[in-house]
Each structure stands twice: as structure tokens, then as C-alpha cells.
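What follows is the content of protein.txt, which has compact mmCIF, C-alpha atoms:
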```
# COMPACT_ATOMS: atom_id res chain seq x y z
CA MET F 688 54.95 -21.85 -58.16
CA ALA F 689 54.00 -19.19 -55.69
CA LEU F 690 52.64 -18.45 -52.26
CA LYS F 691 49.87 -20.85 -51.32
CA ILE F 692 47.38 -21.26 -48.49
CA SER F 693 46.93 -24.56 -46.65
CA LYS F 694 44.20 -25.64 -44.26
CA ASN F 695 46.62 -27.83 -42.27
CA ALA F 696 50.07 -27.47 -40.72
CA GLY F 697 51.40 -30.30 -42.90
CA LEU F 698 50.72 -28.07 -45.95
CA THR F 699 48.92 -30.88 -47.76
CA ASP F 700 45.36 -29.47 -47.78
CA ILE F 701 45.93 -26.70 -50.34
CA VAL F 702 43.23 -24.08 -50.87
CA ALA F 703 41.97 -23.90 -54.46
CA ASP F 704 38.71 -23.25 -56.31
CA ALA F 705 37.89 -26.95 -55.94
CA ASN F 706 38.98 -26.93 -52.26
CA PRO F 707 37.87 -23.58 -50.78
CA ILE F 708 38.10 -22.33 -47.22
CA THR F 709 34.69 -23.00 -45.69
CA THR F 710 32.90 -22.19 -42.46
CA GLU F 711 29.49 -23.34 -41.28
CA HIS F 712 27.27 -21.11 -39.19
CA PRO F 713 24.37 -23.09 -37.70
CA ILE F 714 23.22 -20.03 -35.74
CA THR F 715 22.45 -16.77 -37.48
CA GLY F 716 24.88 -14.04 -36.48
CA SER F 717 27.61 -16.49 -35.40
CA ALA F 718 31.40 -16.26 -35.71
CA VAL F 719 33.73 -19.09 -36.72
CA GLU F 720 37.55 -19.02 -36.49
CA VAL F 721 39.86 -20.97 -38.80
CA ARG F 722 43.65 -21.33 -38.55
CA LEU F 723 45.41 -21.31 -41.93
CA TRP F 724 49.01 -21.42 -43.15
CA LEU F 725 50.66 -19.35 -45.87
CA PHE F 726 53.69 -20.94 -47.48
CA ASN F 727 56.12 -20.73 -50.37
CA ASP F 728 56.17 -23.84 -52.55
CA SER F 729 59.36 -22.93 -54.44
CA ALA F 730 62.95 -23.02 -53.18
CA ASN F 731 63.81 -20.67 -56.07
CA LYS F 732 61.62 -17.78 -54.85
CA ARG F 733 61.33 -15.48 -51.88
CA TYR F 734 58.55 -13.04 -51.01
CA THR F 735 58.43 -9.65 -49.28
CA THR F 736 55.73 -7.05 -48.58
CA ILE F 737 53.15 -9.80 -48.13
CA ALA F 738 49.53 -8.91 -47.44
CA LEU F 739 46.37 -10.98 -47.17
CA GLN F 740 43.05 -9.24 -47.72
CA PRO F 741 39.46 -10.43 -47.80
CA THR F 742 37.84 -9.40 -51.09
CA ASP F 743 34.30 -9.89 -52.32
CA ILE F 744 34.23 -10.56 -56.05
CA THR F 745 30.54 -9.68 -56.54
CA SER F 746 28.23 -7.00 -55.25
CA PRO F 747 27.25 -6.39 -52.51
CA ASP F 748 30.67 -6.24 -50.84
CA ASP F 749 30.51 -8.51 -47.79
CA SER F 750 34.27 -8.72 -47.20
CA GLY F 751 33.64 -7.02 -43.85
CA TRP F 752 32.33 -10.38 -42.61
CA VAL F 753 35.96 -11.57 -42.59
CA GLN F 754 38.60 -10.53 -40.04
CA LEU F 755 42.25 -11.60 -40.06
CA ALA F 756 44.66 -11.97 -37.14
CA PRO F 757 48.29 -12.98 -36.71
CA ASP F 758 49.03 -16.28 -34.99
CA VAL F 759 50.48 -15.87 -31.49
CA ALA F 760 51.78 -19.21 -30.19
CA GLY F 761 48.88 -21.14 -31.69
CA VAL F 762 46.07 -18.74 -30.82
CA PRO F 763 44.72 -15.68 -32.63
CA GLY F 764 46.30 -12.34 -31.90
CA ALA F 765 44.22 -9.19 -32.18
CA TYR F 766 41.79 -9.37 -35.06
CA LEU F 767 41.86 -6.51 -37.55
CA ALA F 768 38.72 -4.67 -38.60
CA GLY F 769 36.49 -6.58 -41.00
CA GLY F 770 37.90 -6.54 -44.54
CA ALA F 771 41.29 -5.12 -43.47
CA ALA F 772 44.55 -6.52 -44.86
CA LEU F 773 46.95 -8.50 -42.67
CA SER F 774 50.66 -7.90 -43.25
CA MET F 775 52.81 -11.02 -43.05
CA ALA F 776 56.53 -11.42 -42.43
CA ASP F 777 58.78 -12.04 -45.43
CA ILE F 778 58.93 -15.65 -46.58
CA SER F 779 62.27 -16.78 -47.96
CA ASP F 780 62.14 -20.45 -47.09
CA SER F 781 60.06 -23.07 -48.87
CA GLY F 782 57.77 -25.67 -47.39
CA ILE F 783 57.38 -23.95 -44.01
CA GLY F 784 53.90 -22.70 -43.15
CA LYS F 785 53.35 -19.29 -41.56
CA PRO F 786 50.11 -19.52 -39.54
CA TYR F 787 47.43 -16.85 -39.28
CA TRP F 788 43.73 -16.75 -38.36
CA VAL F 789 40.52 -15.98 -40.20
CA LYS F 790 37.27 -15.19 -38.40
CA VAL F 791 34.03 -15.15 -40.38
CA THR F 792 31.07 -13.47 -38.69
CA THR F 793 27.71 -13.79 -40.39
CA PRO F 794 25.05 -11.16 -39.93
CA SER F 795 21.66 -12.01 -38.48
CA VAL F 796 19.52 -13.05 -41.44
CA ALA F 797 15.97 -14.31 -41.85
CA ASP F 798 16.84 -17.23 -44.13
CA SER F 799 19.81 -19.48 -44.83
CA GLN F 800 22.26 -18.60 -47.58
CA ASN F 801 25.49 -19.84 -49.10
CA LYS F 802 28.12 -17.16 -49.63
CA ALA F 803 30.81 -18.27 -52.07
CA ASP F 804 32.25 -15.05 -53.45
CA ILE F 805 34.52 -13.84 -50.62
CA LYS F 806 38.17 -14.65 -51.35
CA LEU F 807 41.50 -14.12 -49.60
CA THR F 808 43.70 -12.13 -51.94
CA VAL F 809 47.45 -12.54 -51.41
CA THR F 810 49.78 -9.83 -52.68
CA ALA F 811 53.58 -9.80 -52.42
CA LYS F 812 56.78 -8.90 -54.19
CA GLU F 813 58.43 -11.98 -55.65
CA TYR F 814 62.18 -12.34 -56.06
CA ALA F 815 64.42 -15.07 -57.42
CA VAL F 816 66.76 -16.66 -54.87
```

I need this file expressed as C-alpha cells, please.
Amino acid sequence: MALKISKNAGLTDIVADANPITTEHPITGSAVEVRLWLFNDSANKRYTTIALQPTDITSPDDSGWVQLAPDVAGVPGAYLAGGAALSMADISDSGIGKPYWVKVTTPSVADSQNKADIKLTVTAKEYAV
């Protein structure tokens, strides 16, 4: 039990290795925005000092393709620089999603490619309730 990411507000489309966050870029050099929700799945835990950060698990480091933004009434707030961590408010309740935005911008490339090694790393301090 821990913090989890969902692709829907109902918190039923949980992100996992078998269900990753995906974006499709039919035009080279395009940007795609996705709204996601971070939530606590345990009533026995609370989380503070929460940060989300794009990380690339293989070289070259392309985490700069990913920008994060807070949710402001259902729309993205100001996007951070590519690869920068987004601080989130403490989460002490369970089953309530905290929305945020991810924007993936692909560079202009000569040929198509599938990029599957950029992850969102969640860090936080966990406490028992």
C-alpha cells in the first residue's frame, strides 16, 4: 500500500508496468498533455514532502521531454522546466485523487521511435496514521 498514480478521476485506471502512461505523437516535435491523479490507497498511512519527477532509466537521459504542472481548477498551471520535480501537497486521506498534469514534448526526429524508459518517480515521507 502506498501512493499510486491513476489515469482517471475514479482512481480505477492504475498506472503500472503493464498499464503505463502513454502519449502518441503523430507529428514530429509535438506536445501532448495528460491529466493524472496521485492518491493514497491506505487509510493507515499519510504522506508528506511529496515530489514527482520524470526520470529516464537508460541513457541517453530524455527526461527533459517531460514537464509537470499543478492542476488549477481542471486545467494545467504553469509547467515546470523539462525534467524538474513537482512538489505536491501532503496527502493524509485515502481514496481521494490529487490531480496534476504531464506534458510530453517530442523532439523533431527523422524516423519514428517508441520511447519506453521515461518514468515518473514519486518520493515522499510515509507515516502511520

Looking at all atoms listed in the file, which of F:Gly764, F:Val753, F:Glu813, F:Val721 is the one that sits closest to Leu739 of chain F?
->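 Comparing F:Gly764, F:Val753, F:Glu813, F:Val721 against Leu739 of chain F, the winner is F:Val753.
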
Distance atom CA of Ala811 of chain F-atom CA of Val762 of chain F, one decimal place?
-> 24.6 Å

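Taking all atoms listed in the file into account, the protein, DNA and RNA residues within 12 Å of (61.7, -18.4, -51.9) read Met688, Ala689, Leu690, Phe726, Asn727, Asp728, Ser729, Ala730, Asn731, Lys732, Arg733, Tyr734, Thr735, Asp777, Ile778, Ser779, Asp780, Ser781, Gly782, Ile783, Ala811, Lys812, Glu813, Tyr814, Ala815 and Val816 of chain F.
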
Just give me the gap between atom CA of Trp724 of chain F and atom CA of Thr709 of chain F in Å, one decimal is fine.
->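 Atom-to-atom, atom CA of Trp724 of chain F and atom CA of Thr709 of chain F are spaced 14.6 Å apart.
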
With all atoms listed in the file as the basis for distance, which of F:Ile714, F:Val809, F:Ala772, F:Leu698 is at the shortest distance from Ala797 of chain F?
->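 Of all the options, F:Ile714 lies closest to Ala797 of chain F.
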
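Proximity ranking of F:Asp758, F:Asp748, F:Asp804, F:Glu720 relative to Val789 of chain F places F:Glu720 first, based on only C-alpha atoms.
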
Between F:Pro713, F:Pro794, F:Gly770, F:Gly784, single out the one closest to Asp700 of chain F, counting all atoms listed in the file.
->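 Nearest to Asp700 of chain F: F:Gly784.
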
So which one's closest to Trp752 of chain F, F:Lys790, F:Val796, F:Lys806, F:Thr699? Using only C-alpha atoms, please.
->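 Closest candidate: F:Lys790.
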
Taking the point (41.6, -8.6, -30.1) as given in the file, collect each protein or nucleic acid residue that comes within 12 Å of it, counting all atoms listed in the file, and present the set as a ChimeraX atom specification.
-> /F:754-759,762-768,788,790

With distances taken over all atoms listed in the file, which of F:Leu725, F:Ala696, F:Val719, F:Ile701 is nearest to Lys785 of chain F?
->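 Under the stated criterion, the closest residue is F:Leu725.
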
Would you kindly return, as a ChimeraX atom specification, each protein, DNA or RNA residue with an atom no farther than 7 Å from any atom of Ile805 of chain F, considering only C-alpha atoms and excluding same-chain residues fewer than 5 positions away?
-> /F:741-744,750

Just-selected residues, C-alpha atoms written as a short mmCIF file (atom, residue, chain, number, x, y, z; two decimals), keeping the file's coordinate frame:
```
data_model
loop_
_atom_site.label_atom_id
_atom_site.label_comp_id
_atom_site.auth_asym_id
_atom_site.auth_seq_id
_atom_site.Cartn_x
_atom_site.Cartn_y
_atom_site.Cartn_z
CA PRO F 741 39.46 -10.43 -47.80
CA THR F 742 37.84 -9.40 -51.09
CA ASP F 743 34.30 -9.89 -52.32
CA ILE F 744 34.23 -10.56 -56.05
CA SER F 750 34.27 -8.72 -47.20
#
```

How many Å lie between atom CA of Met775 of chain F and atom CA of Thr736 of chain F, rounded to one decimal?
->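 Distance reported for this atom pair: 7.4 Å.
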
Missing atoms in segment 777-797 of chain F need filling: write out N, CA, C and O atoms for it as a PDB file, in the frame of the given file.
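Just written: part.pdb:
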```pdb
ATOM      1  N   ASP F 777      58.189 -11.537 -44.186  1.00  0.00           N
ATOM      2  CA  ASP F 777      58.780 -12.040 -45.430  1.00  0.00           C
ATOM      3  C   ASP F 777      58.919 -13.558 -45.353  1.00  0.00           C
ATOM      4  O   ASP F 777      59.148 -14.128 -44.280  1.00  0.00           O
ATOM      5  N   ILE F 778      58.787 -14.204 -46.507  1.00  0.00           N
ATOM      6  CA  ILE F 778      58.930 -15.650 -46.580  1.00  0.00           C
ATOM      7  C   ILE F 778      60.034 -15.963 -47.587  1.00  0.00           C
ATOM      8  O   ILE F 778      59.876 -15.721 -48.785  1.00  0.00           O
ATOM      9  N   SER F 779      61.150 -16.447 -47.082  1.00  0.00           N
ATOM     10  CA  SER F 779      62.270 -16.780 -47.960  1.00  0.00           C
ATOM     11  C   SER F 779      62.550 -18.269 -48.013  1.00  0.00           C
ATOM     12  O   SER F 779      63.274 -18.740 -48.874  1.00  0.00           O
ATOM     13  N   ASP F 780      61.952 -19.013 -47.087  1.00  0.00           N
ATOM     14  CA  ASP F 780      62.140 -20.450 -47.090  1.00  0.00           C
ATOM     15  C   ASP F 780      60.961 -21.128 -47.783  1.00  0.00           C
ATOM     16  O   ASP F 780      59.906 -20.544 -47.931  1.00  0.00           O
ATOM     17  N   SER F 781      61.152 -22.354 -48.221  1.00  0.00           N
ATOM     18  CA  SER F 781      60.060 -23.070 -48.870  1.00  0.00           C
ATOM     19  C   SER F 781      59.592 -24.215 -47.988  1.00  0.00           C
ATOM     20  O   SER F 781      60.362 -24.766 -47.202  1.00  0.00           O
ATOM     21  N   GLY F 782      58.318 -24.536 -48.108  1.00  0.00           N
ATOM     22  CA  GLY F 782      57.770 -25.670 -47.390  1.00  0.00           C
ATOM     23  C   GLY F 782      57.565 -25.476 -45.908  1.00  0.00           C
ATOM     24  O   GLY F 782      57.374 -26.443 -45.181  1.00  0.00           O
ATOM     25  N   ILE F 783      57.610 -24.242 -45.426  1.00  0.00           N
ATOM     26  CA  ILE F 783      57.380 -23.950 -44.010  1.00  0.00           C
ATOM     27  C   ILE F 783      56.187 -23.017 -43.904  1.00  0.00           C
ATOM     28  O   ILE F 783      56.208 -21.908 -44.430  1.00  0.00           O
ATOM     29  N   GLY F 784      55.126 -23.473 -43.244  1.00  0.00           N
ATOM     30  CA  GLY F 784      53.900 -22.700 -43.150  1.00  0.00           C
ATOM     31  C   GLY F 784      53.993 -21.592 -42.108  1.00  0.00           C
ATOM     32  O   GLY F 784      54.539 -21.783 -41.029  1.00  0.00           O
ATOM     33  N   LYS F 785      53.453 -20.445 -42.460  1.00  0.00           N
ATOM     34  CA  LYS F 785      53.350 -19.290 -41.560  1.00  0.00           C
ATOM     35  C   LYS F 785      51.879 -19.171 -41.169  1.00  0.00           C
ATOM     36  O   LYS F 785      51.045 -18.800 -41.993  1.00  0.00           O
ATOM     37  N   PRO F 786      51.519 -19.504 -39.923  1.00  0.00           N
ATOM     38  CA  PRO F 786      50.110 -19.520 -39.540  1.00  0.00           C
ATOM     39  C   PRO F 786      49.515 -18.124 -39.337  1.00  0.00           C
ATOM     40  O   PRO F 786      50.220 -17.166 -38.997  1.00  0.00           O
ATOM     41  N   TYR F 787      48.216 -18.044 -39.559  1.00  0.00           N
ATOM     42  CA  TYR F 787      47.430 -16.850 -39.280  1.00  0.00           C
ATOM     43  C   TYR F 787      45.985 -17.312 -39.088  1.00  0.00           C
ATOM     44  O   TYR F 787      45.664 -18.483 -39.277  1.00  0.00           O
ATOM     45  N   TRP F 788      45.117 -16.403 -38.685  1.00  0.00           N
ATOM     46  CA  TRP F 788      43.730 -16.750 -38.360  1.00  0.00           C
ATOM     47  C   TRP F 788      42.747 -15.952 -39.190  1.00  0.00           C
ATOM     48  O   TRP F 788      42.990 -14.784 -39.511  1.00  0.00           O
ATOM     49  N   VAL F 789      41.633 -16.605 -39.495  1.00  0.00           N
ATOM     50  CA  VAL F 789      40.520 -15.980 -40.200  1.00  0.00           C
ATOM     51  C   VAL F 789      39.281 -16.177 -39.338  1.00  0.00           C
ATOM     52  O   VAL F 789      39.018 -17.283 -38.867  1.00  0.00           O
ATOM     53  N   LYS F 790      38.545 -15.093 -39.115  1.00  0.00           N
ATOM     54  CA  LYS F 790      37.270 -15.190 -38.400  1.00  0.00           C
ATOM     55  C   LYS F 790      36.174 -14.678 -39.329  1.00  0.00           C
ATOM     56  O   LYS F 790      36.268 -13.564 -39.843  1.00  0.00           O
ATOM     57  N   VAL F 791      35.169 -15.522 -39.546  1.00  0.00           N
ATOM     58  CA  VAL F 791      34.030 -15.150 -40.380  1.00  0.00           C
ATOM     59  C   VAL F 791      32.827 -14.973 -39.463  1.00  0.00           C
ATOM     60  O   VAL F 791      32.455 -15.900 -38.738  1.00  0.00           O
ATOM     61  N   THR F 792      32.245 -13.777 -39.492  1.00  0.00           N
ATOM     62  CA  THR F 792      31.070 -13.470 -38.690  1.00  0.00           C
ATOM     63  C   THR F 792      29.911 -13.200 -39.632  1.00  0.00           C
ATOM     64  O   THR F 792      29.991 -12.286 -40.457  1.00  0.00           O
ATOM     65  N   THR F 793      28.873 -13.992 -39.524  1.00  0.00           N
ATOM     66  CA  THR F 793      27.710 -13.790 -40.390  1.00  0.00           C
ATOM     67  C   THR F 793      26.740 -12.824 -39.716  1.00  0.00           C
ATOM     68  O   THR F 793      26.611 -12.821 -38.486  1.00  0.00           O
ATOM     69  N   PRO F 794      26.069 -12.038 -40.515  1.00  0.00           N
ATOM     70  CA  PRO F 794      25.050 -11.160 -39.930  1.00  0.00           C
ATOM     71  C   PRO F 794      23.806 -11.966 -39.567  1.00  0.00           C
ATOM     72  O   PRO F 794      23.642 -13.108 -40.005  1.00  0.00           O
ATOM     73  N   SER F 795      22.952 -11.376 -38.783  1.00  0.00           N
ATOM     74  CA  SER F 795      21.660 -12.010 -38.480  1.00  0.00           C
ATOM     75  C   SER F 795      20.797 -11.895 -39.730  1.00  0.00           C
ATOM     76  O   SER F 795      20.590 -10.797 -40.252  1.00  0.00           O
ATOM     77  N   VAL F 796      20.337 -13.032 -40.229  1.00  0.00           N
ATOM     78  CA  VAL F 796      19.520 -13.050 -41.440  1.00  0.00           C
ATOM     79  C   VAL F 796      18.263 -13.878 -41.199  1.00  0.00           C
ATOM     80  O   VAL F 796      18.236 -14.729 -40.311  1.00  0.00           O
ATOM     81  N   ALA F 797      17.244 -13.627 -42.019  1.00  0.00           N
ATOM     82  CA  ALA F 797      15.970 -14.310 -41.850  1.00  0.00           C
ATOM     83  C   ALA F 797      15.973 -15.707 -42.463  1.00  0.00           C
ATOM     84  O   ALA F 797      15.193 -16.562 -42.064  1.00  0.00           O
TER      85      ALA F 797
END
```
